[in-house]
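Engineer: The following block contains the structure, expressed as structure tokens.
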There are 2 protein chains.
Amino acid sequence: MNLLLFEPRELSPDGDATVTGGRAAHLRDVLKVGPGAQVRVGVLDGAAGIGVVTSVDARAVELRCQFDAIVPPRPLVDLLLALPRPKVLRRLWAQLAALGVGRVILTNAERVERDYFDSHVLQEDGYRPLLIEGLQQARDTRMPAVSIHKRFKVLIEDDLDRLCPAGRRLVAHPGGDTAIGAALSGVVAGERVLLAIGPEGGWNDFELQLLDAHGFQRVGMGPRTLATTTACIALLTLVHDAIRSAERSTVKNVENMK
Amino acid sequence: MNLLLFEPRELSPDGDATVTGGRAAHLRDVLKVGPGAQVRVGVLDGAAGIGVVTSVDARAVELRCQFDAIVPPRPLVDLLLALPRPKVLRRLWAQLAALGVGRVILTNAERVERDYFDSHVLQEDGYRPLLIEGLQQARDTRMPAVSIHKRFKVLIEDDLDRLCPAGRRLVAHPGGDTAIGAALSGVVAGERVLLAIGPEGGWNDFELQLLDAHGFQRVGMGPRTLATTTACIALLTLVHDAIRSAERSTVKNVENMK
């Protein structure tokens with residue numbers, strides 16, 4: 001845990017917070033904090049800052065927190081993911097939040113098993129603690145928005161433009177010849193990117209054509225076939241890297257114009 | 001399983017193989033093969049090819065295999081990794097093999113717990129099946145070489161030039177300003193890259209200086225702190241991507257010279 005995240009309601013107007021349960025145990029037993037110790041803190045969807053420990057006992061740790069003036073920006077990458085097996089998704093939530101996604105759109109597809117939709121990891125009380133774990137790992141405060149869609153066609157035709165109204169759209173597909181860096185070479189600073197990743201076995205032809213028709217450019221990352229978890233991490237990494245490159249070159253251009 | 005891998009001794013001179021146990025069950029119950037079915041096959045550290053199923057029964061599946069003339073090249077990326085927790089390493093083996101590494105060098109570091117070295121996942125019979133699982137996922141045949149080093153200084157000063165005699169050396173470090181793509185922008189096709197990844201909590205100053213002194217350039221991937229598994233996948237992805245970019249631009253240059 002590199003950042004201790006609070007729900008807004010856990011903080012008093014003065015920035016006092018009382019932590020109990022697993023988070024208190026972590027502060028006491030792993031970070032071994034005592035009064036006066038400083039801990040990185042943050043408010044969900046708010047600012048990060050520093051908390052000073054004011055008391056520690058067997059039940060609770062109390063902190064007084066001060067927050068930065070600026071709230072971290074929402075990550076510029078959104079993920080459209082064919083619903084993976086519950087066991088895979090359970091491990092993926094924290095990693096997605098750590099890598100940084102603004103929105104996670106989970107969808108049905110032909111090669112998604114119907115009973116995956118019954119899983120507890122699709123309930124907010126199932127996935128929210130895992131997302132918080134990932135944010136705390138990466139020192140982010142911005143909770144990804146999550147939505148779940150049982151009808152792919154309705155999602156793409158009717159809902160997607162509302163969920164992701166602007167920005168680039170990519171679909172990862174084995175044999176997609178274009179590298180992500182090349183597909184995003186013209187991206188401008190601040191532009192959002194929506195990345196679609198299919199089920200094990202891939203999107204079917206209908207799904208791919210529907211994505212094509214809604215502005216998704218096909219991208220690939222070489223000849224190796226990766227499992228869903230590995231593929232998600234690898235593809236999100238490449239999109240983030242392309243966005244950072246675009247930001248760096250924007251900064252350079254602005255400096256050159258001076 | 002996207003490729004069925006054999007040990008060389010499992011194949012007759014004519015390319016006949018008999019599969020039993022878990023692999024037979026997978027062929028029968030998941031892939032549902034019958035006589036005449038074609039399956040992608042490969043020999044460890046040898047060629048890939050096609051196997052035709054000749055018989056299926058409750059105990060065994062028999063195949064006759066034909067192999068390509070060309071053996072896939074060894075992946076150009078080697079990994080120097082501070083030994084992670086056994087639970088993390090157990091999940092990492094298959095993912096490393098799937099992403100593609102020529103060599104995995106596991107090392108001690110100040111922030112590595114000593115008892116991690118007692119784990120079964122450091123025994124060859126513990127990790128080899130996991131590496132094979134990753135190769136079968138990614139359709140590769142090249143088994144990563146693995147070595148384990150309990151003394152970091154001896155490894156870097158005495159052993160590393162023998163293990164990785166040529167190529168680029170990078171060390172991932174939080175706050176490393178240079179992006180991997182920029183650090184590898186001048187890499188030539190076929191050049192190897194050795195990537196060092198530290199323990200949770202990072203390398204200490206002595207370790208970083210020793211790596212500096214032995215040619216490792218510090219690289220970073222932005223402000224987010226990632227857990228070991230996620231970081232390994234993300235960093236290996238960026239190195240592979242930079243190498244593929246270099247290969248593409250070499251091809252372009254050769255075409256321009258015609």
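How things are named: the first chain in the structure tokens is A, the next is B, and so on; residues count from 1 in each chain; ligands count from 1 in the order shown.
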Among range 27-169 of chain A, which residues does DSSP mark as strand (DSSP E) when it is run on the backbone? Keep the chain and numbering as in the structure and answer as a VMD selection string.

Structural biologist: chain A and resid 38 to 43 48 to 56 60 to 67 77 to 82 103 to 107 145 to 149 168 to 169

Engineer: Since we have the selection now, will you write its residues out, keeping C-alpha atoms, as a PDB file, in the first residue's frame?

Structural biologist:
```pdb
ATOM      1  CA  GLN A  38       3.677  10.525   8.004  1.00  0.00           C
ATOM      2  CA  VAL A  39       1.647   8.476   5.556  1.00  0.00           C
ATOM      3  CA  ARG A  40       0.615   9.288   1.999  1.00  0.00           C
ATOM      4  CA  VAL A  41      -3.151   9.624   1.908  1.00  0.00           C
ATOM      5  CA  GLY A  42      -5.851  10.387  -0.631  1.00  0.00           C
ATOM      6  CA  VAL A  43      -9.601  10.823  -0.951  1.00  0.00           C
ATOM      7  CA  ALA A  48      -3.807  13.166  -2.462  1.00  0.00           C
ATOM      8  CA  GLY A  49      -1.870  14.484   0.508  1.00  0.00           C
ATOM      9  CA  ILE A  50      -0.066  13.629   3.739  1.00  0.00           C
ATOM     10  CA  GLY A  51      -1.571  12.184   6.910  1.00  0.00           C
ATOM     11  CA  VAL A  52       0.182  12.544  10.264  1.00  0.00           C
ATOM     12  CA  VAL A  53      -0.558   9.733  12.712  1.00  0.00           C
ATOM     13  CA  THR A  54      -1.984  11.180  15.946  1.00  0.00           C
ATOM     14  CA  SER A  55      -2.670   7.955  17.839  1.00  0.00           C
ATOM     15  CA  VAL A  56      -2.303   4.186  17.496  1.00  0.00           C
ATOM     16  CA  ALA A  60      -7.643   2.012  15.498  1.00  0.00           C
ATOM     17  CA  VAL A  61      -5.140   4.414  13.975  1.00  0.00           C
ATOM     18  CA  GLU A  62      -6.031   8.107  13.937  1.00  0.00           C
ATOM     19  CA  LEU A  63      -4.605  10.567  11.424  1.00  0.00           C
ATOM     20  CA  ARG A  64      -4.872  14.246  10.635  1.00  0.00           C
ATOM     21  CA  CYS A  65      -4.638  14.796   6.877  1.00  0.00           C
ATOM     22  CA  GLN A  66      -3.697  17.708   4.637  1.00  0.00           C
ATOM     23  CA  PHE A  67      -4.495  17.555   0.957  1.00  0.00           C
ATOM     24  CA  VAL A  77      -7.412   5.365 -21.281  1.00  0.00           C
ATOM     25  CA  ASP A  78     -10.751   3.542 -21.212  1.00  0.00           C
ATOM     26  CA  LEU A  79     -11.075  -0.214 -21.581  1.00  0.00           C
ATOM     27  CA  LEU A  80     -13.795  -2.138 -23.410  1.00  0.00           C
ATOM     28  CA  LEU A  81     -13.239  -5.741 -22.344  1.00  0.00           C
ATOM     29  CA  ALA A  82     -15.103  -8.926 -23.241  1.00  0.00           C
ATOM     30  CA  ARG A 103     -13.624   3.572 -17.419  1.00  0.00           C
ATOM     31  CA  VAL A 104     -14.039  -0.196 -17.614  1.00  0.00           C
ATOM     32  CA  ILE A 105     -16.800  -1.360 -19.953  1.00  0.00           C
ATOM     33  CA  LEU A 106     -17.405  -5.101 -19.597  1.00  0.00           C
ATOM     34  CA  THR A 107     -19.340  -6.711 -22.405  1.00  0.00           C
ATOM     35  CA  ALA A 145     -16.177   3.979 -13.708  1.00  0.00           C
ATOM     36  CA  VAL A 146     -17.484   0.449 -14.305  1.00  0.00           C
ATOM     37  CA  SER A 147     -20.418  -0.651 -16.438  1.00  0.00           C
ATOM     38  CA  ILE A 148     -21.567  -4.118 -17.487  1.00  0.00           C
ATOM     39  CA  HIS A 149     -23.340  -4.838 -20.755  1.00  0.00           C
ATOM     40  CA  ARG A 168      -9.516   7.418 -30.439  1.00  0.00           C
ATOM     41  CA  ARG A 169     -10.825   3.870 -30.617  1.00  0.00           C
TER      42      ARG A 169
END
```

Engineer: Quick one: which residues from chain A are at most 6 Å off chain B, using only C-alpha atoms, as a compact mmCIF listing (two decimals) with C-alpha atoms, in the first residue's frame?

Structural biologist:
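Wrote it out as iface-v4.txt, contents follow:
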```
# COMPACT_ATOMS: atom_id res chain seq x y z
CA ALA A 138 -0.27 3.13 -7.89
CA ARG A 224 2.62 -14.17 -29.55
CA THR A 225 -0.82 -15.12 -28.23
CA LEU A 226 -1.17 -13.96 -24.63
CA ALA A 234 0.61 -5.34 -22.09
CA THR A 237 0.92 -0.31 -21.09
```

Engineer: Interatomic distance between CA of Gly36 in chain A and CA of Gly21 in chain A?

Structural biologist: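 Separation of CA of Gly36 in chain A and CA of Gly21 in chain A: 20.6 Å.
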
Engineer: Would you compute the distance between CA of Leu27 in chain A and CA of Leu131 in chain A? Give it in Å to one decimal.

Structural biologist: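 Atom-to-atom, CA of Leu27 in chain A and CA of Leu131 in chain A are spaced 19.4 Å apart.
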